[in-house]
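Participant: So that you have it, the file is run_0.csv, and it contains CSV, C-alpha atoms:
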chain,number,residue,atom,x,y,z
A,798,MET,CA,37.2,25.1,9.1
A,799,ALA,CA,34.8,27.6,7.7
A,800,SER,CA,32.7,27.4,4.5
A,801,PHE,CA,29.4,28.2,2.9
A,802,ALA,CA,26.9,25.4,2.4
A,803,MET,CA,23.2,24.9,1.5
A,804,ILE,CA,20.9,22.9,3.7
A,805,LYS,CA,19.3,20.2,1.6
A,806,GLU,CA,17.5,18.3,4.4
A,807,LEU,CA,16.9,19.3,8.0
A,808,ASN,CA,15.4,17.1,10.8
A,809,GLU,CA,15.0,18.3,14.4
A,810,LYS,CA,15.8,15.5,16.9
A,811,LYS,CA,16.6,14.8,20.5
A,812,ASP,CA,19.4,12.8,21.9
A,813,LYS,CA,19.0,10.2,24.7
A,814,ASN,CA,19.3,12.9,27.3
A,815,GLY,CA,16.5,14.9,25.8
A,816,ASN,CA,18.8,17.6,24.3
A,817,GLY,CA,17.7,19.0,20.9
A,818,TYR,CA,20.0,18.7,17.9
A,819,LEU,CA,19.8,19.1,14.1
A,820,ASP,CA,20.4,16.2,11.7
A,821,LEU,CA,21.3,17.6,8.3
A,822,ILE,CA,22.3,16.9,4.8
A,823,VAL,CA,24.2,19.9,3.4
A,824,ILE,CA,25.6,20.6,0.0
A,825,GLY,CA,29.1,21.9,0.2
A,826,SER,CA,30.9,24.4,-2.1
A,827,ASP,CA,32.3,21.4,-3.9
A,828,LYS,CA,28.6,20.4,-4.8
A,829,LYS,CA,28.9,17.2,-2.8
A,830,GLU,CA,26.4,16.2,-0.2
A,831,TYR,CA,27.5,15.6,3.4
A,832,PRO,CA,25.6,14.4,6.5
A,833,ALA,CA,26.0,16.9,9.3
A,834,LYS,CA,25.1,17.4,13.0
A,835,ILE,CA,24.6,20.4,15.2
A,836,TRP,CA,24.6,19.1,18.8
A,837,ARG,CA,22.7,20.8,21.6
A,838,PHE,CA,20.8,23.1,19.3
A,839,ASP,CA,17.1,24.0,19.4
A,840,ASN,CA,16.1,25.4,16.0
A,841,ASN,CA,12.9,27.2,16.8
A,842,GLY,CA,12.4,28.0,13.1
A,843,GLN,CA,15.7,29.7,12.5
A,844,PHE,CA,16.9,27.4,9.7
A,845,GLU,CA,15.1,25.3,7.1
A,846,SER,CA,15.9,23.3,4.0
A,847,GLY,CA,17.0,25.6,1.1
A,848,ASP,CA,18.8,28.0,3.4
A,849,VAL,CA,22.4,28.9,2.4
A,850,VAL,CA,24.5,29.2,5.5
A,851,GLU,CA,28.0,30.1,6.6
A,852,ILE,CA,29.3,27.4,8.9
A,853,GLU,CA,32.3,26.6,11.0
A,854,TYR,CA,32.8,22.9,11.3
A,855,THR,CA,35.1,19.9,12.0
A,856,LEU,CA,35.3,17.0,9.5
A,857,ASP,CA,34.8,13.7,11.2
A,858,ASN,CA,34.7,10.1,10.0
A,859,TYR,CA,31.6,8.1,11.0
A,860,LYS,CA,31.4,4.5,9.9
A,861,GLY,CA,33.9,5.1,7.1
A,862,LYS,CA,32.2,8.2,5.7
A,863,ASP,CA,32.8,11.9,6.1
A,864,GLN,CA,30.4,13.7,8.5
A,865,LEU,CA,30.4,17.4,9.5
A,866,THR,CA,30.1,18.5,13.1
A,867,ILE,CA,28.9,22.1,12.8
A,868,ASN,CA,30.0,24.4,15.6
A,869,THR,CA,28.6,27.7,14.4
A,870,ILE,CA,26.0,28.5,11.8
A,871,ARG,CA,24.5,31.7,10.4
A,872,LYS,CA,22.5,32.6,7.3
A,873,ALA,CA,24.1,33.7,4.1
A,874,PRO,CA,22.5,35.9,1.5
A,875,ASP,CA,19.7,34.2,-0.5
A,876,GLU,CA,21.3,35.1,-3.8
A,877,MET,CA,24.0,32.5,-3.1
A,878,ILE,CA,21.5,29.7,-3.7
A,879,LYS,CA,22.4,29.5,-7.4
A,880,ASN,CA,25.9,28.4,-6.4
A,881,PHE,CA,24.6,25.3,-4.7
A,882,VAL,CA,21.5,24.1,-6.5
A,883,PRO,CA,22.0,21.3,-9.1
A,884,ALA,CA,20.3,22.2,-12.3
A,885,SER,CA,19.8,20.8,-15.8
A,886,GLU,CA,22.3,22.1,-18.4
A,887,TYR,CA,19.3,22.6,-20.7
A,888,ASP,CA,16.7,25.4,-20.4
A,889,GLY,CA,13.4,23.8,-19.4
A,890,LYS,CA,11.5,26.5,-21.3
A,891,ILE,CA,13.3,25.7,-24.5
A,892,ILE,CA,12.7,22.0,-24.1
A,893,PHE,CA,9.0,22.6,-23.4
A,894,SER,CA,8.7,24.7,-26.6
A,895,MET,CA,10.4,22.0,-28.7
A,896,LEU,CA,8.2,19.3,-27.3
A,897,LEU,CA,5.1,21.4,-27.9
A,898,GLU,CA,6.1,22.0,-31.5
A,899,LYS,CA,6.5,18.3,-31.9
A,900,VAL,CA,3.0,17.7,-30.6
A,901,ASN,CA,1.6,20.3,-32.8
A,902,ASN,CA,2.9,18.4,-35.8
A,903,PHE,CA,1.1,15.3,-34.9
A,904,LYS,CA,-1.2,13.9,-37.6
A,905,ASP,CA,-3.5,12.3,-35.0
A,906,SER,CA,-5.8,15.2,-34.0
A,907,GLU,CA,-7.1,13.5,-30.9
A,908,LEU,CA,-3.7,12.8,-29.4
A,909,LYS,CA,-2.5,16.3,-30.4
A,910,ARG,CA,-5.4,18.0,-28.7
A,911,ILE,CA,-5.2,16.0,-25.4
A,912,VAL,CA,-1.4,16.3,-25.1
A,913,ASN,CA,-1.4,20.0,-26.1
A,914,GLU,CA,-4.1,20.9,-23.5
A,915,ILE,CA,-2.4,19.1,-20.6
A,916,MET,CA,1.0,20.5,-21.4
A,917,LEU,CA,-0.3,24.1,-21.6
A,918,ALA,CA,-2.4,23.7,-18.4
A,919,ASN,CA,0.8,22.8,-16.5
A,920,ARG,CA,3.4,24.8,-18.4
A,921,GLU,CA,4.7,27.0,-15.7
A,922,LYS,CA,5.7,24.2,-13.4
A,923,LEU,CA,6.7,21.7,-16.1
A,924,GLU,CA,9.4,24.1,-17.4
A,925,VAL,CA,11.3,24.2,-14.0
A,926,PHE,CA,10.3,21.2,-11.9
A,927,PRO,CA,12.7,18.5,-10.8
A,928,ALA,CA,11.7,14.9,-11.7
A,929,ALA,CA,12.1,13.5,-8.3
A,930,PHE,CA,12.6,14.1,-4.6
A,931,ARG,CA,15.9,12.2,-4.1
A,932,LEU,CA,16.5,9.9,-7.1
A,933,HIS,CA,17.0,10.4,-10.8
A,934,HIS,CA,16.9,14.0,-12.2
A,935,ALA,CA,16.2,15.5,-8.8
A,936,ILE,CA,17.6,18.8,-10.1
A,937,VAL,CA,16.0,22.1,-11.2
A,938,GLY,CA,14.7,21.5,-14.7
A,939,GLY,CA,15.1,17.8,-14.3
A,940,LEU,CA,11.6,16.9,-15.3
A,941,MET,CA,12.0,18.4,-18.8
A,942,LEU,CA,15.4,16.9,-19.2
A,943,HIS,CA,14.1,13.4,-18.3
A,944,THR,CA,11.1,13.8,-20.6
A,945,ALA,CA,13.2,15.1,-23.5
A,946,SER,CA,15.6,12.2,-23.1
A,947,ILE,CA,12.8,9.6,-23.2
A,948,VAL,CA,11.2,11.3,-26.2
A,949,GLU,CA,14.5,11.3,-28.1
A,950,MET,CA,15.1,7.6,-27.3
A,951,ALA,CA,11.5,6.9,-28.3
A,952,GLU,CA,12.0,8.6,-31.7
A,953,LYS,CA,15.1,6.5,-32.4
A,954,THR,CA,13.4,3.3,-31.3
A,955,CYS,CA,10.6,4.0,-33.8
A,956,THR,CA,13.2,4.2,-36.7
A,957,VAL,CA,14.4,0.7,-35.8
A,958,TYR,CA,10.9,-0.7,-35.3
A,959,PRO,CA,8.5,1.1,-37.8
A,960,ASN,CA,5.5,-0.9,-36.5
A,961,ILE,CA,5.4,1.2,-33.4
A,962,ASN,CA,2.7,3.9,-33.3
A,963,ARG,CA,5.1,6.8,-33.0
A,964,GLU,CA,2.5,9.5,-31.9
A,965,LEU,CA,1.0,7.2,-29.3
A,966,LEU,CA,4.4,6.5,-27.8
A,967,LEU,CA,5.5,10.1,-27.9
A,968,SER,CA,2.2,11.2,-26.3
A,969,GLY,CA,2.8,8.7,-23.4
A,970,ALA,CA,6.4,9.8,-23.1
A,971,ILE,CA,5.5,13.5,-22.8
A,972,LEU,CA,2.7,12.9,-20.3
A,973,HIS,CA,4.1,10.1,-18.3
A,974,ASP,CA,5.4,12.3,-15.4
A,975,VAL,CA,3.3,15.4,-16.0
A,976,ALA,CA,1.5,14.9,-12.6
A,977,LYS,CA,4.9,15.2,-10.8
A,978,THR,CA,3.8,18.9,-10.6
A,979,PHE,CA,0.9,17.7,-8.5
A,980,GLU,CA,2.8,15.2,-6.5
A,981,MET,CA,5.7,17.3,-5.3
A,982,GLU,CA,6.2,20.6,-3.4
A,983,THR,CA,9.3,22.6,-4.2
A,984,SER,CA,11.2,25.0,-2.0
A,985,LYS,CA,12.7,28.4,-2.9
A,986,THR,CA,15.7,26.4,-4.3
A,987,GLY,CA,13.5,24.9,-7.0
A,988,LEU,CA,14.2,21.4,-5.6
A,989,CYS,CA,11.5,19.1,-4.1
A,990,LYS,CA,11.2,19.6,-0.4
A,991,ALA,CA,8.3,17.2,0.3
A,992,TYR,CA,5.4,15.3,-1.3
A,993,THR,CA,2.0,17.0,-1.3
A,994,VAL,CA,-0.9,15.4,0.5
A,995,GLY,CA,-2.3,14.5,-2.9
A,996,GLY,CA,1.1,13.1,-3.9
A,997,GLU,CA,1.1,10.8,-0.9
A,998,LEU,CA,-2.5,9.7,-1.2
A,999,ILE,CA,-2.9,9.5,-5.0
A,1000,GLY,CA,0.5,9.8,-6.7
A,1001,HIS,CA,1.5,10.9,-10.1
A,1002,LEU,CA,0.6,7.8,-12.0
A,1003,VAL,CA,-3.0,7.8,-11.0
A,1004,LYS,CA,-3.3,11.6,-11.2
A,1005,GLY,CA,-1.7,11.6,-14.6
A,1006,ALA,CA,-4.4,9.2,-15.8
A,1007,MET,CA,-7.0,11.4,-14.2
A,1008,TYR,CA,-5.7,14.4,-16.2
A,1009,ILE,CA,-6.1,12.4,-19.4
A,1010,GLU,CA,-9.7,11.4,-18.6
A,1011,GLU,CA,-10.7,14.9,-17.5
A,1012,THR,CA,-9.1,16.5,-20.6
A,1013,ALA,CA,-10.7,14.0,-23.0
A,1014,LYS,CA,-14.1,14.8,-21.5
A,1015,LYS,CA,-13.5,18.5,-21.7
A,1016,LEU,CA,-12.5,18.1,-25.4
A,1017,ASN,CA,-15.4,15.7,-26.2
A,1018,ILE,CA,-13.0,13.0,-27.2
A,1019,ASP,CA,-14.4,9.5,-26.7
A,1020,SER,CA,-12.1,6.9,-28.2
A,1021,GLU,CA,-10.0,3.9,-27.2
A,1022,LYS,CA,-6.9,6.1,-27.5
A,1023,VAL,CA,-7.9,7.8,-24.3
A,1024,ILE,CA,-7.8,4.4,-22.5
A,1025,LEU,CA,-4.5,3.5,-24.2
A,1026,LEU,CA,-2.9,6.7,-23.0
A,1027,GLU,CA,-4.3,6.2,-19.4
A,1028,HIS,CA,-2.8,2.7,-19.4
A,1029,MET,CA,0.6,4.0,-20.5
A,1030,ILE,CA,0.7,6.4,-17.6
A,1031,LEU,CA,-0.6,3.8,-15.0
A,1032,SER,CA,1.8,1.1,-16.2
A,1033,HIS,CA,5.0,3.0,-16.8
A,1034,HIS,CA,6.7,2.0,-13.5
A,1035,GLY,CA,6.5,-1.5,-14.8
A,1036,ILE,CA,5.6,-3.6,-11.8
A,1037,PRO,CA,3.5,-3.3,-8.6
A,1038,GLU,CA,6.6,-3.1,-6.4
A,1039,TYR,CA,7.5,0.2,-8.1
A,1040,GLY,CA,4.0,1.6,-7.9
A,1041,SER,CA,2.3,0.5,-11.1
A,1042,PRO,CA,-1.3,-0.8,-10.5
A,1043,VAL,CA,-1.1,-2.7,-13.8
A,1044,ARG,CA,1.8,-4.0,-15.9
A,1045,PRO,CA,2.3,-2.8,-19.6
A,1046,MET,CA,-0.1,-4.6,-21.9
A,1047,PHE,CA,0.7,-3.4,-25.3
A,1048,LEU,CA,3.9,-2.5,-27.3
A,1049,GLU,CA,4.1,1.3,-26.8
A,1050,ALA,CA,3.3,0.9,-23.1
A,1051,GLU,CA,6.2,-1.6,-22.7
A,1052,ILE,CA,8.6,0.6,-24.6
A,1053,LEU,CA,7.7,3.6,-22.5
A,1054,SER,CA,8.2,1.7,-19.2
A,1055,SER,CA,11.6,0.4,-20.5
A,1056,LEU,CA,12.8,3.8,-21.6
A,1057,ASP,CA,11.8,5.4,-18.4
A,1058,SER,CA,13.7,2.8,-16.4
A,1059,LEU,CA,16.7,3.1,-18.7
A,1060,ASP,CA,17.0,6.9,-18.5
A,1061,ALA,CA,16.6,6.9,-14.7
A,1062,THR,CA,19.3,4.2,-14.4
A,1063,ILE,CA,21.8,6.0,-16.7
A,1064,PHE,CA,21.3,9.2,-14.7
A,1065,GLU,CA,21.9,7.4,-11.4
A,1066,ILE,CA,25.0,5.6,-12.6
A,1067,ASN,CA,26.5,8.7,-14.2
A,1068,ASN,CA,25.7,10.7,-11.0
A,1069,ALA,CA,27.2,8.2,-8.7
A,1070,THR,CA,30.4,7.4,-10.7
A,1071,SER,CA,31.1,11.2,-11.3
A,1072,LYS,CA,31.7,11.5,-7.5
A,1073,VAL,CA,34.6,9.1,-7.4
A,1074,ASP,CA,37.9,9.0,-9.2
A,1075,ALA,CA,38.6,6.8,-12.2
A,1076,GLY,CA,39.6,3.3,-11.0
A,1077,SER,CA,37.5,3.6,-7.9
A,1078,PHE,CA,34.2,2.1,-6.7
A,1079,THR,CA,31.2,4.1,-5.4
A,1080,ASP,CA,29.5,3.4,-2.1
A,1081,ARG,CA,26.6,1.0,-2.4
A,1082,GLN,CA,23.7,2.7,-4.3
A,1083,TRP,CA,20.4,1.7,-2.7
A,1084,ALA,CA,18.5,3.0,-5.7
A,1085,LEU,CA,20.4,0.5,-7.9
A,1086,ASP,CA,19.8,-2.7,-6.0
A,1087,ASN,CA,22.4,-1.7,-3.4
A,1088,ARG,CA,25.2,-2.2,-5.9
A,1089,LYS,CA,28.7,-0.7,-5.9
A,1090,LEU,CA,29.6,0.9,-9.2
A,1091,PHE,CA,33.0,1.1,-10.9
A,1092,ASN,CA,34.2,4.3,-12.6
A,1093,HIS,CA,36.4,2.8,-15.3
A,1094,GLY,CA,37.3,6.3,-16.6
A,1095,LEU,CA,36.7,5.4,-20.2
A,1096,SER,CA,33.6,7.5,-20.8
A,1097,SER,CA,32.2,10.9,-19.7
A,1098,THR,CA,28.9,11.7,-18.0
A,1099,GLU,CA,27.9,14.1,-20.8
A,1100,HIS,CA,24.1,14.3,-21.4
A,1101,LYS,CA,23.1,15.5,-24.9
A,1102,VAL,CA,19.5,16.1,-26.0
A,1103,ASN,CA,18.5,16.8,-29.6
A,1104,LEU,CA,14.8,17.0,-30.2
A,1105,GLY,CA,15.0,17.8,-33.9
A,1106,GLU,CA,12.9,15.8,-36.3
Let me see the structure of the file written as structure tokens.

Facilitator:
Amino acid sequence: MASFAMIKELNEKKDKNGNGYLDLIVIGSDKKEYPAKIWRFDNNGQFESGDVVEIEYTLDNYKGKDQLTINTIRKAPDEMIKNFVPASEYDGKIIFSMLLEKVNNFKDSELKRIVNEIMLANREKLEVFPAAFRLHHAIVGGLMLHTASIVEMAEKTCTVYPNINRELLLSGAILHDVAKTFEMETSKTGLCKAYTVGGELIGHLVKGAMYIEETAKKLNIDSEKVILLEHMILSHHGIPEYGSPVRPMFLEAEILSSLDSLDATIFEINNATSKVDAGSFTDRQWALDNRKLFNHGLSSTEHKVNLGE
């Protein structure tokens, strides 16, 4: 069989006899991901992740799953990338502008200045970056989609619980993943291809808190709200096992952590169940406690964001 595909991941390996081969994850024309192998092949820099290729292959079954054995491979035109790259249905530039307008309407001048400064300093990457390497919102524009979803859920939560400090919660929501632009390196596809050295050694939670501290000093803001914001960033993964150095210790921090987890989980469940027919179970999802998920067919995977006041 022959088809076009995009290389999502590429690892050069050797078999037990010392022969080189490529271990791949490719995205097919059906937008599904497939493990693939090219046996007895020395890459020598010919192919890399993000390349769109034309392949001839056989479809095999390995341990109950489809796997491609690629027999021939050659590069396809770069302009075909857009046919394979998963992307947000919302324009990240539009979402960014809507979030910025929301911030500019804050009554708290200190929060307004800090959030505004950090957003504008990172604008170019924030508008297009994915939110993750492999997990939730690992799509072009995924960072703004994830942020906008949390902001909208935060707004609605504030209408149910009016004791919440709305502007503090929204500030944390908008900034919670801003340092993903520091943590990840993207390829020509716009997807994350690796973590940066700083991403591995520091991570986006700590770097995000550093952004807040540095920005507050630059703006001569010295108040407890700076510490509150830093805590929200540091604690938004909830528990040490997920990377947080401290657990949430006040209401807005707890809400942010919960909404972040909820949005990520909804995305993962929708993504997994959309790949199987109604009435069927998914494979075990390691990102969701290794659970199988059931597509009951009674709902869609539509994702709607409305950032209006």

Participant: Using all atoms listed in the file for the distances, tell me which of A:Leu1031, A:Leu807, A:Leu821, A:Leu1104 is nearest to Met941 in chain A.

Facilitator: A:Leu1104

Participant: So that I can see what lies close to range 880-882 of chain A, please list as a ChimeraX atom specification the residues with an atom at most 8 Å from it, counting only C-alpha atoms and leaving out residues fewer than 3 positions away in the same chain.

Facilitator: /A:802-803,824-826,828,877,936-937,986,988

Participant: Using only C-alpha atoms, can you tell me which of A:Ile852, A:Ala884, A:Ala1006, A:Leu896 comes closest to Lys909 in chain A?

Facilitator: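 Residue with the minimum atom-to-atom distance to Lys909 in chain A: A:Leu896.
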
Participant: What does the structure give for the distance between CA of Ile878 in chain A and CA of Leu865 in chain A, in Å to one decimal?

Facilitator: 20.1 Å

Participant: Please provide the set of residues having any atom within 12 Å of Phe1078 in chain A, restricted to only C-alpha atoms, with same-chain residues fewer than 6 positions apart removed, written as a ChimeraX atom specification.

Facilitator: /A:1066,1069-1072,1088-1094

Participant: Which residue gives the smallest distance to Phe903 in chain A among A:Leu1053, A:Pro832, A:Arg963, A:Val975, with all atoms listed in the file counted?

Facilitator: A:Arg963

Participant: Using only C-alpha atoms, which residues sit within 10 Å of Leu897 in chain A once same-chain residues fewer than 3 positions away are excluded, as a PyMOL selection string?

Facilitator: chain A and resi 891-894+900-902+909+912-913+916-917+971

Participant: Take the residues from that selection and write them out as a PDB file, keeping the file's coordinate frame, keeping C-alpha atoms.

Facilitator:
ATOM      1  CA  ILE A 891      13.300  25.700 -24.500  1.00  0.00           C
ATOM      2  CA  ILE A 892      12.700  22.000 -24.100  1.00  0.00           C
ATOM      3  CA  PHE A 893       9.000  22.600 -23.400  1.00  0.00           C
ATOM      4  CA  SER A 894       8.700  24.700 -26.600  1.00  0.00           C
ATOM      5  CA  VAL A 900       3.000  17.700 -30.600  1.00  0.00           C
ATOM      6  CA  ASN A 901       1.600  20.300 -32.800  1.00  0.00           C
ATOM      7  CA  ASN A 902       2.900  18.400 -35.800  1.00  0.00           C
ATOM      8  CA  LYS A 909      -2.500  16.300 -30.400  1.00  0.00           C
ATOM      9  CA  VAL A 912      -1.400  16.300 -25.100  1.00  0.00           C
ATOM     10  CA  ASN A 913      -1.400  20.000 -26.100  1.00  0.00           C
ATOM     11  CA  MET A 916       1.000  20.500 -21.400  1.00  0.00           C
ATOM     12  CA  LEU A 917      -0.300  24.100 -21.600  1.00  0.00           C
ATOM     13  CA  ILE A 971       5.500  13.500 -22.800  1.00  0.00           C
TER      14      ILE A 971
END

Participant: Using all atoms listed in the file, which of the listed residues (A:Asp1019, A:Glu952, A:Asp1074, A:Glu898) sits closest to Leu965 in chain A?

Facilitator: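 Among the listed residues, A:Glu952 lies closest to Leu965 in chain A.
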
Participant: Mind giving me the straight-line distance from CA of Asp1080 in chain A to CA of Asp1060 in chain A in Å, one decimal?

Facilitator: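 Taking CA of Asp1080 in chain A and CA of Asp1060 in chain A, their separation equals 20.9 Å.
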
Participant: Check the smallest atom-to-atom distance from each of A:Glu1051, A:Glu853, A:Glu1038, A:Glu997 to Gly969 in chain A using all atoms listed in the file, then report the winner.

Facilitator: A:Glu1051

Participant: So how many Å separate CA of Asp827 in chain A and CA of Asp863 in chain A, to one decimal?

Facilitator: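 So the answer is 13.8 Å.
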
Participant: Compare A:Ala1013, A:Val1102, A:Val1003, A:Val1073 by their minimum atom-to-atom distance to His973 in chain A, counting only C-alpha atoms, and give me the closest one.

Facilitator: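 Closest to His973 in chain A of all the choices is A:Val1003.
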
Participant: Please define a box with edges along x, y and z of the file around all atoms of range 1084-1097 of chain A given in the file, extend it by 4 Å on each side, and return its centre and edge lengths in Å to one decimal, as JSON.

Facilitator:
{"center_x": 27.9, "center_y": 4.1, "center_z": -12.1, "size_x": 26.8, "size_y": 21.6, "size_z": 25.4}
